[in-house]
$ cat final.tsv   # TSV, C-alpha atoms
chain	number	residue	atom	x	y	z
A	311	GLY	CA	-159.30	26.26	-143.14
A	312	ASP	CA	-159.13	24.71	-139.71
A	313	SER	CA	-156.19	22.47	-138.91
A	314	VAL	CA	-154.68	20.55	-136.02
A	315	THR	CA	-151.01	19.72	-135.58
A	316	GLN	CA	-149.84	17.18	-133.05
A	317	MET	CA	-146.50	15.61	-132.37
A	318	GLU	CA	-145.62	12.65	-134.53
A	319	GLY	CA	-145.11	9.31	-132.89
A	320	PRO	CA	-144.48	6.76	-131.85
A	321	VAL	CA	-143.81	8.01	-128.35
A	322	THR	CA	-142.28	5.33	-126.15
A	323	LEU	CA	-142.21	5.75	-122.37
A	324	SER	CA	-141.63	3.60	-119.34
A	325	GLU	CA	-144.46	2.89	-116.93
A	326	GLU	CA	-145.00	5.70	-114.36
A	327	ALA	CA	-143.29	8.28	-116.58
A	328	PHE	CA	-144.76	11.75	-117.18
A	329	LEU	CA	-146.55	12.17	-120.49
A	330	THR	CA	-146.98	15.23	-122.69
A	331	ILE	CA	-148.43	15.09	-126.19
A	332	ASN	CA	-148.36	18.47	-127.87
A	333	CYS	CA	-151.28	19.78	-129.91
A	334	THR	CA	-151.71	23.15	-131.60
A	335	TYR	CA	-154.52	24.36	-133.80
A	336	THR	CA	-155.60	27.02	-136.25
A	337	ALA	CA	-159.26	27.88	-136.47
A	338	THR	CA	-161.71	30.67	-137.10
A	339	GLY	CA	-164.04	31.56	-134.31
A	340	TYR	CA	-164.06	29.75	-131.00
A	341	PRO	CA	-163.87	26.00	-131.51
A	342	SER	CA	-164.24	23.27	-128.94
A	343	LEU	CA	-161.16	21.09	-128.46
A	344	PHE	CA	-161.05	17.36	-127.88
A	345	TRP	CA	-158.73	14.47	-127.22
A	346	TYR	CA	-159.86	11.09	-128.50
A	347	VAL	CA	-158.16	7.76	-127.81
A	348	GLN	CA	-158.15	4.71	-130.05
A	349	TYR	CA	-157.10	1.40	-128.49
A	350	PRO	CA	-155.84	-1.33	-130.83
A	351	GLY	CA	-158.61	-2.69	-133.03
A	352	GLU	CA	-161.25	-0.39	-131.56
A	353	GLY	CA	-163.10	2.80	-132.44
A	354	LEU	CA	-162.51	6.27	-131.06
A	355	GLN	CA	-163.45	7.15	-127.52
A	356	LEU	CA	-163.71	10.67	-126.21
A	357	LEU	CA	-161.02	11.15	-123.56
A	358	LEU	CA	-161.63	14.78	-122.59
A	359	LYS	CA	-162.80	18.08	-123.98
A	360	ALA	CA	-162.76	21.84	-123.39
A	361	THR	CA	-165.21	24.29	-124.89
A	362	LYS	CA	-163.69	27.69	-124.11
A	363	ALA	CA	-160.41	29.39	-123.32
A	364	ASP	CA	-158.76	28.41	-120.02
A	365	ASP	CA	-161.08	25.43	-119.57
A	366	LYS	CA	-159.30	22.31	-118.35
A	367	GLY	CA	-160.60	18.94	-119.47
A	368	SER	CA	-159.69	15.90	-117.38
A	369	ASN	CA	-160.43	12.19	-117.33
A	370	LYS	CA	-158.65	9.01	-116.16
A	371	GLY	CA	-155.67	11.04	-114.92
A	372	PHE	CA	-155.26	12.85	-118.25
A	373	GLU	CA	-155.54	16.64	-118.44
A	374	ALA	CA	-155.47	19.31	-121.13
A	375	THR	CA	-155.99	23.07	-120.89
A	376	TYR	CA	-157.45	25.18	-123.70
A	377	ARG	CA	-154.85	27.92	-124.26
A	378	LYS	CA	-156.17	30.51	-126.68
A	379	GLU	CA	-153.06	32.70	-126.50
A	380	THR	CA	-150.83	29.87	-127.70
A	381	THR	CA	-153.58	28.04	-129.65
A	382	SER	CA	-152.65	24.84	-127.85
A	383	PHE	CA	-154.33	21.92	-126.10
A	384	HIS	CA	-151.48	19.73	-124.85
A	385	LEU	CA	-152.35	16.38	-123.27
A	386	GLU	CA	-150.62	15.46	-119.99
A	387	LYS	CA	-150.63	12.61	-117.52
A	388	GLY	CA	-148.49	12.39	-114.42
A	389	SER	CA	-147.88	8.64	-114.37
A	390	VAL	CA	-148.67	6.49	-117.38
A	391	GLN	CA	-149.58	2.81	-117.31
A	392	VAL	CA	-149.13	0.03	-119.85
A	393	SER	CA	-152.90	0.15	-120.41
A	394	ASP	CA	-152.55	3.72	-121.72
A	395	SER	CA	-150.84	2.40	-124.86
A	396	ALA	CA	-153.03	3.60	-127.74
A	397	VAL	CA	-153.26	6.21	-130.47
A	398	TYR	CA	-154.28	9.67	-129.25
A	399	PHE	CA	-155.99	12.20	-131.52
A	400	CYS	CA	-156.34	15.90	-130.91
A	401	ALA	CA	-159.37	17.41	-132.65
A	402	LEU	CA	-161.29	20.62	-132.97
A	403	GLY	CA	-164.93	21.08	-133.70
A	404	PRO	CA	-167.87	23.41	-133.47
A	405	ASN	CA	-168.44	25.25	-130.25
A	406	SER	CA	-170.76	23.81	-127.66
A	407	GLY	CA	-173.70	25.44	-129.38
A	408	GLY	CA	-173.74	22.55	-131.79
A	409	GLY	CA	-173.74	22.51	-135.57
A	410	ALA	CA	-173.28	19.95	-138.29
A	411	ASP	CA	-169.58	20.49	-138.95
A	412	GLY	CA	-167.43	17.46	-138.50
A	413	LEU	CA	-164.31	17.29	-136.38
A	414	THR	CA	-160.90	18.21	-137.75
A	415	PHE	CA	-158.36	15.72	-136.47
A	416	GLY	CA	-154.63	15.79	-136.00
A	417	LYS	CA	-152.68	12.88	-137.47
A	418	GLY	CA	-152.61	10.95	-134.22
A	419	THR	CA	-149.80	10.07	-131.82
A	420	HIS	CA	-149.06	6.43	-131.15
A	421	LEU	CA	-148.14	6.02	-127.47
A	422	ILE	CA	-146.29	2.91	-126.33
A	423	ILE	CA	-145.80	2.31	-122.61
A	424	GLN	CA	-143.24	-0.30	-121.63
A	425	PRO	CA	-143.39	-2.13	-118.28
B	661	ASP	CA	-177.52	-1.06	-125.78
B	662	THR	CA	-174.67	0.06	-128.06
B	663	ALA	CA	-174.88	3.80	-128.76
B	664	VAL	CA	-173.50	3.84	-132.32
B	665	SER	CA	-173.28	0.53	-134.17
B	666	GLN	CA	-171.96	-0.37	-137.61
B	667	THR	CA	-172.22	-3.46	-139.77
B	668	PRO	CA	-170.27	-5.24	-140.98
B	669	LYS	CA	-167.13	-4.98	-138.86
B	670	TYR	CA	-164.99	-6.38	-141.68
B	671	LEU	CA	-165.67	-6.26	-145.42
B	672	VAL	CA	-163.42	-7.85	-148.02
B	673	THR	CA	-164.39	-7.44	-151.66
B	674	GLN	CA	-163.08	-7.27	-155.19
B	675	MET	CA	-162.36	-4.14	-157.21
B	676	GLY	CA	-165.35	-2.94	-159.17
B	677	ASN	CA	-167.95	-4.29	-156.74
B	678	ASP	CA	-170.66	-2.22	-155.04
B	679	LYS	CA	-171.00	-2.46	-151.27
B	680	SER	CA	-172.83	-0.83	-148.37
B	681	ILE	CA	-171.97	-0.18	-144.75
B	682	LYS	CA	-174.78	0.37	-142.27
B	683	CYS	CA	-174.82	2.66	-139.25
B	684	GLU	CA	-177.40	3.07	-136.52
B	685	GLN	CA	-177.45	5.29	-133.42
B	686	ASN	CA	-179.86	5.02	-130.50
B	687	LEU	CA	-178.87	8.30	-128.87
B	688	GLY	CA	-181.57	10.41	-130.45
B	689	HIS	CA	-178.97	12.70	-132.05
B	690	ASP	CA	-179.88	14.85	-135.03
B	691	THR	CA	-176.55	14.77	-136.83
B	692	MET	CA	-174.60	11.79	-138.11
B	693	TYR	CA	-171.27	11.53	-139.92
B	694	TRP	CA	-168.99	9.25	-141.89
B	695	TYR	CA	-165.22	9.44	-141.47
B	696	LYS	CA	-162.46	7.61	-143.33
B	697	GLN	CA	-159.29	6.49	-141.53
B	698	ASP	CA	-156.43	5.63	-143.87
B	699	SER	CA	-153.56	3.22	-143.33
B	700	LYS	CA	-151.57	5.92	-141.51
B	701	LYS	CA	-154.44	6.41	-139.05
B	702	PHE	CA	-155.34	9.82	-140.51
B	703	LEU	CA	-159.04	10.60	-140.01
B	704	LYS	CA	-160.99	12.76	-142.39
B	705	ILE	CA	-164.67	13.58	-142.51
B	706	MET	CA	-166.58	12.42	-145.58
B	707	PHE	CA	-170.20	13.41	-144.94
B	708	SER	CA	-172.57	14.69	-142.33
B	709	TYR	CA	-176.35	14.48	-142.25
B	710	ASN	CA	-178.55	16.74	-140.16
B	711	ASN	CA	-182.23	15.88	-140.01
B	712	LYS	CA	-181.90	13.81	-143.21
B	713	GLU	CA	-180.23	16.65	-145.11
B	714	LEU	CA	-176.67	16.43	-146.40
B	715	ILE	CA	-174.63	19.23	-144.88
B	716	ILE	CA	-171.03	18.49	-145.86
B	717	ASN	CA	-169.44	16.59	-148.69
B	718	GLU	CA	-165.69	16.95	-148.41
B	719	THR	CA	-164.72	16.40	-152.04
B	720	VAL	CA	-165.46	12.71	-151.76
B	721	PRO	CA	-165.82	10.92	-155.10
B	722	ASN	CA	-169.41	10.54	-156.22
B	723	ARG	CA	-168.96	6.76	-156.08
B	724	PHE	CA	-169.67	7.26	-152.37
B	725	SER	CA	-173.26	8.04	-151.51
B	726	PRO	CA	-174.68	8.39	-148.00
B	727	LYS	CA	-178.29	7.35	-147.52
B	728	SER	CA	-180.36	8.17	-144.46
B	729	PRO	CA	-183.73	6.40	-144.27
B	730	ASP	CA	-184.46	8.04	-140.91
B	731	LYS	CA	-182.77	10.10	-138.22
B	732	ALA	CA	-181.27	7.05	-136.52
B	733	HIS	CA	-179.57	5.57	-139.59
B	734	LEU	CA	-176.89	6.75	-142.00
B	735	ASN	CA	-175.71	4.13	-144.46
B	736	LEU	CA	-172.74	4.46	-146.81
B	737	HIS	CA	-173.01	2.99	-150.29
B	738	ILE	CA	-169.92	2.67	-152.44
B	739	ASN	CA	-170.02	1.94	-156.18
B	740	SER	CA	-167.21	0.55	-158.33
B	741	LEU	CA	-164.81	-0.03	-155.45
B	742	GLU	CA	-161.15	0.84	-156.01
B	743	LEU	CA	-157.99	-0.31	-154.24
B	744	GLY	CA	-157.61	3.14	-152.69
B	745	ASP	CA	-160.94	2.77	-150.94
B	746	SER	CA	-159.35	0.29	-148.53
B	747	ALA	CA	-159.56	1.94	-145.11
B	748	VAL	CA	-161.49	1.90	-141.85
B	749	TYR	CA	-164.76	3.78	-142.05
B	750	PHE	CA	-166.26	5.25	-138.89
B	751	CYS	CA	-169.79	6.40	-138.34
B	752	ALA	CA	-170.51	9.00	-135.65
B	753	SER	CA	-173.38	11.01	-134.23
B	754	SER	CA	-173.26	14.25	-132.32
B	755	HIS	CA	-175.01	16.35	-129.75
B	756	ARG	CA	-173.93	19.87	-128.80
B	757	GLY	CA	-170.57	19.48	-130.50
B	758	GLU	CA	-169.56	16.16	-128.89
B	759	GLN	CA	-169.26	13.24	-131.26
B	760	PHE	CA	-169.79	9.56	-130.48
B	761	PHE	CA	-168.12	7.05	-132.76
B	762	GLY	CA	-169.04	3.59	-133.88
B	763	PRO	CA	-166.55	0.71	-133.75
B	764	GLY	CA	-165.54	1.09	-137.39
B	765	THR	CA	-165.76	-1.05	-140.53
B	766	ARG	CA	-162.50	-2.27	-142.02
B	767	LEU	CA	-162.91	-2.35	-145.80
B	768	THR	CA	-160.34	-4.25	-147.85
B	769	VAL	CA	-160.53	-4.04	-151.63
B	770	LEU	CA	-158.56	-6.74	-153.47
$ encode --input "final.tsv" --output "structure tokens"
Amino acid sequence: GDSVTQMEGPVTLSEEAFLTINCTYTATGYPSLFWYVQYPGEGLQLLLKATKADDKGSNKGFEATYRKETTSFHLEKGSVQVSDSAVYFCALGPNSGGGADGLTFGKGTHLIIQP
Amino acid sequence: DTAVSQTPKYLVTQMGNDKSIKCEQNLGHDTMYWYKQDSKKFLKIMFSYNNKELIINETVPNRFSPKSPDKAHLNLHINSLELGDSAVYFCASSHRGEQFFGPGTRLTVL
């Protein structure tokens, strides 16, 4: 079945450091890929997405590129802030054509940014 | 004008009780879901409903039963609660593959 593997946390960085959170997947067909963020005590918010190979999703300074050849969707940000501290989830789901399948999530990476 | 809302936000109850969690979405989406997030933050889908029809049931115990009175609502009813049911439960709805999550319900079974 489908699966998502992402780096285990916690990841602790200093403010303004460069961030990479690795994510790889296995799936049949051509899934869409997502990064969700969960701030303390809150629900999940969509951070960015990509629906086909070589697409780059971006939002709030975060970027991730859908790499079919390496089955990866690594999350990057050039300069992190304390407010980026949260748990980040990589997920895959049905392609943009829709469907009732749920998302398959990675185990989440807890990011801690120190001032 | 919350897109996906859940009630209650917190639920503390005794083992063996029956409880329900309500979910409503005002996005006009056709598909809704329930996810369970365990103490290690791992998220796993439990159910999805598409146009009031159950599509997925991921080996969830039959003590859990989703009920959808209409397209905008998907409630989760749990019978005979067990300690292991303690978790955060998230409702979501989707359109063209993108899912929108509710704020979650933290269930604690004592």
$ residues_around --input "final.tsv" --residues "segment 754-765 of chain B" --least-positions-apart "6" --cutoff "8 Å" --atoms "all atoms listed in the file" --output "PDB file with C-alpha atoms, in the coordinates of the input"
ATOM      1  CA  SER A 342    -164.240  23.270-128.940  1.00  0.00           C
ATOM      2  CA  GLU A 352    -161.250  -0.390-131.560  1.00  0.00           C
ATOM      3  CA  GLY A 353    -163.100   2.800-132.440  1.00  0.00           C
ATOM      4  CA  LEU A 354    -162.510   6.270-131.060  1.00  0.00           C
ATOM      5  CA  GLN A 355    -163.450   7.150-127.520  1.00  0.00           C
ATOM      6  CA  LEU A 356    -163.710  10.670-126.210  1.00  0.00           C
ATOM      7  CA  GLY A 403    -164.930  21.080-133.700  1.00  0.00           C
ATOM      8  CA  PRO A 404    -167.870  23.410-133.470  1.00  0.00           C
ATOM      9  CA  ASN A 405    -168.440  25.250-130.250  1.00  0.00           C
ATOM     10  CA  SER A 406    -170.760  23.810-127.660  1.00  0.00           C
ATOM     11  CA  GLY A 407    -173.700  25.440-129.380  1.00  0.00           C
ATOM     12  CA  GLY A 408    -173.740  22.550-131.790  1.00  0.00           C
ATOM     13  CA  GLY A 409    -173.740  22.510-135.570  1.00  0.00           C
TER      14      GLY A 409
ATOM     15  CA  ALA B 663    -174.880   3.800-128.760  1.00  0.00           C
ATOM     16  CA  VAL B 664    -173.500   3.840-132.320  1.00  0.00           C
ATOM     17  CA  SER B 665    -173.280   0.530-134.170  1.00  0.00           C
ATOM     18  CA  GLN B 666    -171.960  -0.370-137.610  1.00  0.00           C
ATOM     19  CA  THR B 667    -172.220  -3.460-139.770  1.00  0.00           C
ATOM     20  CA  PRO B 668    -170.270  -5.240-140.980  1.00  0.00           C
ATOM     21  CA  LYS B 669    -167.130  -4.980-138.860  1.00  0.00           C
ATOM     22  CA  TYR B 670    -164.990  -6.380-141.680  1.00  0.00           C
ATOM     23  CA  LEU B 671    -165.670  -6.260-145.420  1.00  0.00           C
ATOM     24  CA  ILE B 681    -171.970  -0.180-144.750  1.00  0.00           C
ATOM     25  CA  CYS B 683    -174.820   2.660-139.250  1.00  0.00           C
ATOM     26  CA  HIS B 689    -178.970  12.700-132.050  1.00  0.00           C
ATOM     27  CA  ASP B 690    -179.880  14.850-135.030  1.00  0.00           C
ATOM     28  CA  THR B 691    -176.550  14.770-136.830  1.00  0.00           C
ATOM     29  CA  MET B 692    -174.600  11.790-138.110  1.00  0.00           C
ATOM     30  CA  VAL B 748    -161.490   1.900-141.850  1.00  0.00           C
TER      31      VAL B 748
END
$ residues_around --input "final.tsv" --residues "Leu357 of chain A" --least-positions-apart "4" --cutoff "7 Å" --atoms "all atoms listed in the file" --output "list of chain:residue names"
A:Trp345, A:Tyr346, A:Val347, A:Asn369
$ residues_around --input "final.tsv" --residues "Thr330 of chain A" --least-positions-apart "4" --cutoff "10 Å" --atoms "only C-alpha atoms" --output "PyMOL selection string"
chain A and resi 317+321+372-374+384-388
$ residues_around --input "final.tsv" --residues "Lys727 of chain B" --least-positions-apart "6" --cutoff "12 Å" --atoms "all atoms listed in the file" --output "ChimeraX atom specification"
/B:680-684,692-694,707-710,712-714,733-738
$ atom_distance --input "final.tsv" --atom1 "atom CA of Asp698 of chain B" --atom2 "atom CA of Gln348 of chain A"
14.0 Å
$ atom_distance --input "final.tsv" --atom1 "atom CA of Ser368 of chain A" --atom2 "atom CA of Val392 of chain A"
19.2 Å
$ residues_around --input "final.tsv" --residues "Gly311 of chain A" --least-positions-apart "5" --cutoff "10 Å" --atoms "all atoms listed in the file" --output "count of residues only"
4
$ closest_residue --input "final.tsv" --among "B:Ser728, B:Gln685, B:Asn717, B:Asn739" --to "chain A" --atoms "all atoms listed in the file"
B:Asn717
$ closest_residue --input "final.tsv" --among "A:Ala327, A:Ala363, A:Leu343, A:Val390" --to "chain B" --atoms "all atoms listed in the file"
A:Leu343
$ closest_residue --input "final.tsv" --among "B:Val720, B:Ala752, B:Leu687, B:Leu770" --to "chain A" --atoms "all atoms listed in the file"
B:Ala752
$ closest_residue --input "final.tsv" --among "A:Thr380, A:Thr419, A:Ser395, A:Thr334" --to "chain B" --atoms "all atoms listed in the file"
A:Thr419
$ atom_distance --input "final.tsv" --atom1 "atom CA of Asp411 of chain A" --atom2 "atom CA of Thr381 of chain A"
20.0 Å
$ axis_aligned_box --input "final.tsv" --around "segment 340-346 of chain A" --padding-each-side "5 Å" --output "lines of an AutoDock Vina configuration file"
center_x = -161.5
center_y = 20.4
center_z = -129.4
size_x = 15.5
size_y = 28.7
size_z = 14.3
$ closest_residue --input "final.tsv" --among "A:Leu413, A:Cys333, A:Ala396, A:Ala360" --to "chain B" --atoms "only C-alpha atoms"
A:Leu413
$ closest_residue --input "final.tsv" --among "B:Gln674, B:Ser740, B:Ser753, B:Asn686" --to "chain A" --atoms "only C-alpha atoms"
B:Ser753
$ decode --input "final.tsv" --residues "segment 685-696 of chain B" --atoms "all heavy atoms" --output "PDB file, in the first residue's frame"
ATOM      1  N   GLN B 685     -19.261  20.938   7.989  1.00  0.00           N
ATOM      2  CA  GLN B 685     -18.480  21.744   7.045  1.00  0.00           C
ATOM      3  C   GLN B 685     -19.421  22.596   6.200  1.00  0.00           C
ATOM      4  O   GLN B 685     -20.487  22.127   5.778  1.00  0.00           O
ATOM      5  CB  GLN B 685     -17.592  20.847   6.162  1.00  0.00           C
ATOM      6  CG  GLN B 685     -18.307  19.751   5.403  1.00  0.00           C
ATOM      7  CD  GLN B 685     -18.612  20.084   3.954  1.00  0.00           C
ATOM      8  OE1 GLN B 685     -18.276  21.163   3.460  1.00  0.00           O
ATOM      9  NE2 GLN B 685     -19.247  19.156   3.259  1.00  0.00           N
ATOM     10  N   ASN B 686     -19.001  23.847   5.992  1.00  0.00           N
ATOM     11  CA  ASN B 686     -19.821  24.780   5.205  1.00  0.00           C
ATOM     12  C   ASN B 686     -19.171  25.109   3.862  1.00  0.00           C
ATOM     13  O   ASN B 686     -19.402  26.172   3.296  1.00  0.00           O
ATOM     14  CB  ASN B 686     -20.100  26.044   6.020  1.00  0.00           C
ATOM     15  CG  ASN B 686     -18.833  26.807   6.366  1.00  0.00           C
ATOM     16  OD1 ASN B 686     -17.742  26.470   5.889  1.00  0.00           O
ATOM     17  ND2 ASN B 686     -18.946  27.823   7.195  1.00  0.00           N
ATOM     18  N   LEU B 687     -18.350  24.169   3.376  1.00  0.00           N
ATOM     19  CA  LEU B 687     -17.615  24.382   2.132  1.00  0.00           C
ATOM     20  C   LEU B 687     -18.320  23.796   0.917  1.00  0.00           C
ATOM     21  O   LEU B 687     -17.857  23.952  -0.204  1.00  0.00           O
ATOM     22  CB  LEU B 687     -16.214  23.763   2.259  1.00  0.00           C
ATOM     23  CG  LEU B 687     -15.359  24.384   3.357  1.00  0.00           C
ATOM     24  CD1 LEU B 687     -14.132  23.510   3.637  1.00  0.00           C
ATOM     25  CD2 LEU B 687     -14.930  25.788   2.962  1.00  0.00           C
ATOM     26  N   GLY B 688     -19.404  23.068   1.161  1.00  0.00           N
ATOM     27  CA  GLY B 688     -20.109  22.448   0.053  1.00  0.00           C
ATOM     28  C   GLY B 688     -19.396  21.237  -0.528  1.00  0.00           C
ATOM     29  O   GLY B 688     -19.699  20.806  -1.639  1.00  0.00           O
ATOM     30  N   HIS B 689     -18.442  20.669   0.220  1.00  0.00           N
ATOM     31  CA  HIS B 689     -17.696  19.510  -0.266  1.00  0.00           C
ATOM     32  C   HIS B 689     -18.546  18.242  -0.203  1.00  0.00           C
ATOM     33  O   HIS B 689     -19.423  18.104   0.649  1.00  0.00           O
ATOM     34  CB  HIS B 689     -16.426  19.314   0.556  1.00  0.00           C
ATOM     35  CG  HIS B 689     -15.435  20.410   0.378  1.00  0.00           C
ATOM     36  ND1 HIS B 689     -14.355  20.583   1.230  1.00  0.00           N
ATOM     37  CD2 HIS B 689     -15.335  21.387  -0.556  1.00  0.00           C
ATOM     38  CE1 HIS B 689     -13.653  21.624   0.813  1.00  0.00           C
ATOM     39  NE2 HIS B 689     -14.222  22.132  -0.258  1.00  0.00           N
ATOM     40  N   ASP B 690     -18.217  17.313  -1.106  1.00  0.00           N
ATOM     41  CA  ASP B 690     -18.975  16.068  -1.165  1.00  0.00           C
ATOM     42  C   ASP B 690     -18.425  14.968  -0.271  1.00  0.00           C
ATOM     43  O   ASP B 690     -19.132  14.020   0.034  1.00  0.00           O
ATOM     44  CB  ASP B 690     -18.985  15.541  -2.610  1.00  0.00           C
ATOM     45  CG  ASP B 690     -19.872  16.365  -3.522  1.00  0.00           C
ATOM     46  OD1 ASP B 690     -20.830  16.974  -3.014  1.00  0.00           O
ATOM     47  OD2 ASP B 690     -19.596  16.405  -4.731  1.00  0.00           O
ATOM     48  N   THR B 691     -17.155  15.081   0.095  1.00  0.00           N
ATOM     49  CA  THR B 691     -16.520  14.000   0.839  1.00  0.00           C
ATOM     50  C   THR B 691     -16.026  14.502   2.184  1.00  0.00           C
ATOM     51  O   THR B 691     -15.407  15.565   2.271  1.00  0.00           O
ATOM     52  CB  THR B 691     -15.337  13.418   0.040  1.00  0.00           C
ATOM     53  OG1 THR B 691     -15.790  13.060  -1.268  1.00  0.00           O
ATOM     54  CG2 THR B 691     -14.786  12.176   0.723  1.00  0.00           C
ATOM     55  N   MET B 692     -16.300  13.728   3.223  1.00  0.00           N
ATOM     56  CA  MET B 692     -15.835  14.052   4.566  1.00  0.00           C
ATOM     57  C   MET B 692     -15.129  12.845   5.175  1.00  0.00           C
ATOM     58  O   MET B 692     -15.357  11.702   4.752  1.00  0.00           O
ATOM     59  CB  MET B 692     -17.016  14.485   5.449  1.00  0.00           C
ATOM     60  CG  MET B 692     -17.677  15.777   4.964  1.00  0.00           C
ATOM     61  SD  MET B 692     -19.029  16.318   6.011  1.00  0.00           S
ATOM     62  CE  MET B 692     -18.138  16.851   7.491  1.00  0.00           C
ATOM     63  N   TYR B 693     -14.275  13.106   6.165  1.00  0.00           N
ATOM     64  CA  TYR B 693     -13.420  12.066   6.724  1.00  0.00           C
ATOM     65  C   TYR B 693     -13.328  12.204   8.246  1.00  0.00           C
ATOM     66  O   TYR B 693     -13.525  13.297   8.788  1.00  0.00           O
ATOM     67  CB  TYR B 693     -11.986  12.200   6.183  1.00  0.00           C
ATOM     68  CG  TYR B 693     -11.858  12.310   4.692  1.00  0.00           C
ATOM     69  CD1 TYR B 693     -12.073  13.528   4.050  1.00  0.00           C
ATOM     70  CD2 TYR B 693     -11.505  11.214   3.924  1.00  0.00           C
ATOM     71  CE1 TYR B 693     -11.945  13.642   2.675  1.00  0.00           C
ATOM     72  CE2 TYR B 693     -11.369  11.321   2.547  1.00  0.00           C
ATOM     73  CZ  TYR B 693     -11.599  12.545   1.939  1.00  0.00           C
ATOM     74  OH  TYR B 693     -11.475  12.650   0.579  1.00  0.00           O
ATOM     75  N   TRP B 694     -12.949  11.098   8.871  1.00  0.00           N
ATOM     76  CA  TRP B 694     -12.490  11.128  10.259  1.00  0.00           C
ATOM     77  C   TRP B 694     -11.093  10.510  10.316  1.00  0.00           C
ATOM     78  O   TRP B 694     -10.854   9.434   9.744  1.00  0.00           O
ATOM     79  CB  TRP B 694     -13.433  10.335  11.181  1.00  0.00           C
ATOM     80  CG  TRP B 694     -14.628  11.136  11.602  1.00  0.00           C
ATOM     81  CD1 TRP B 694     -15.905  11.019  11.155  1.00  0.00           C
ATOM     82  CD2 TRP B 694     -14.636  12.187  12.570  1.00  0.00           C
ATOM     83  NE1 TRP B 694     -16.707  11.934  11.768  1.00  0.00           N
ATOM     84  CE2 TRP B 694     -15.966  12.665  12.653  1.00  0.00           C
ATOM     85  CE3 TRP B 694     -13.664  12.779  13.398  1.00  0.00           C
ATOM     86  CZ2 TRP B 694     -16.345  13.698  13.508  1.00  0.00           C
ATOM     87  CZ3 TRP B 694     -14.039  13.807  14.241  1.00  0.00           C
ATOM     88  CH2 TRP B 694     -15.374  14.251  14.303  1.00  0.00           C
ATOM     89  N   TYR B 695     -10.201  11.222  11.041  1.00  0.00           N
ATOM     90  CA  TYR B 695      -8.851  10.745  11.279  1.00  0.00           C
ATOM     91  C   TYR B 695      -8.631  10.636  12.784  1.00  0.00           C
ATOM     92  O   TYR B 695      -9.205  11.407  13.562  1.00  0.00           O
ATOM     93  CB  TYR B 695      -7.806  11.727  10.735  1.00  0.00           C
ATOM     94  CG  TYR B 695      -7.696  11.792   9.238  1.00  0.00           C
ATOM     95  CD1 TYR B 695      -8.561  12.597   8.494  1.00  0.00           C
ATOM     96  CD2 TYR B 695      -6.729  11.070   8.558  1.00  0.00           C
ATOM     97  CE1 TYR B 695      -8.445  12.668   7.111  1.00  0.00           C
ATOM     98  CE2 TYR B 695      -6.608  11.144   7.175  1.00  0.00           C
ATOM     99  CZ  TYR B 695      -7.467  11.948   6.472  1.00  0.00           C
ATOM    100  OH  TYR B 695      -7.359  12.008   5.103  1.00  0.00           O
ATOM    101  N   LYS B 696      -7.731   9.726  13.169  1.00  0.00           N
ATOM    102  CA  LYS B 696      -7.333   9.595  14.567  1.00  0.00           C
ATOM    103  C   LYS B 696      -5.846   9.941  14.682  1.00  0.00           C
ATOM    104  O   LYS B 696      -5.033   9.435  13.899  1.00  0.00           O
ATOM    105  CB  LYS B 696      -7.564   8.165  15.068  1.00  0.00           C
ATOM    106  CG  LYS B 696      -7.153   7.927  16.501  1.00  0.00           C
ATOM    107  CD  LYS B 696      -7.415   6.473  16.900  1.00  0.00           C
ATOM    108  CE  LYS B 696      -7.010   6.205  18.345  1.00  0.00           C
ATOM    109  NZ  LYS B 696      -7.254   4.792  18.743  1.00  0.00           N
TER     110      LYS B 696
END
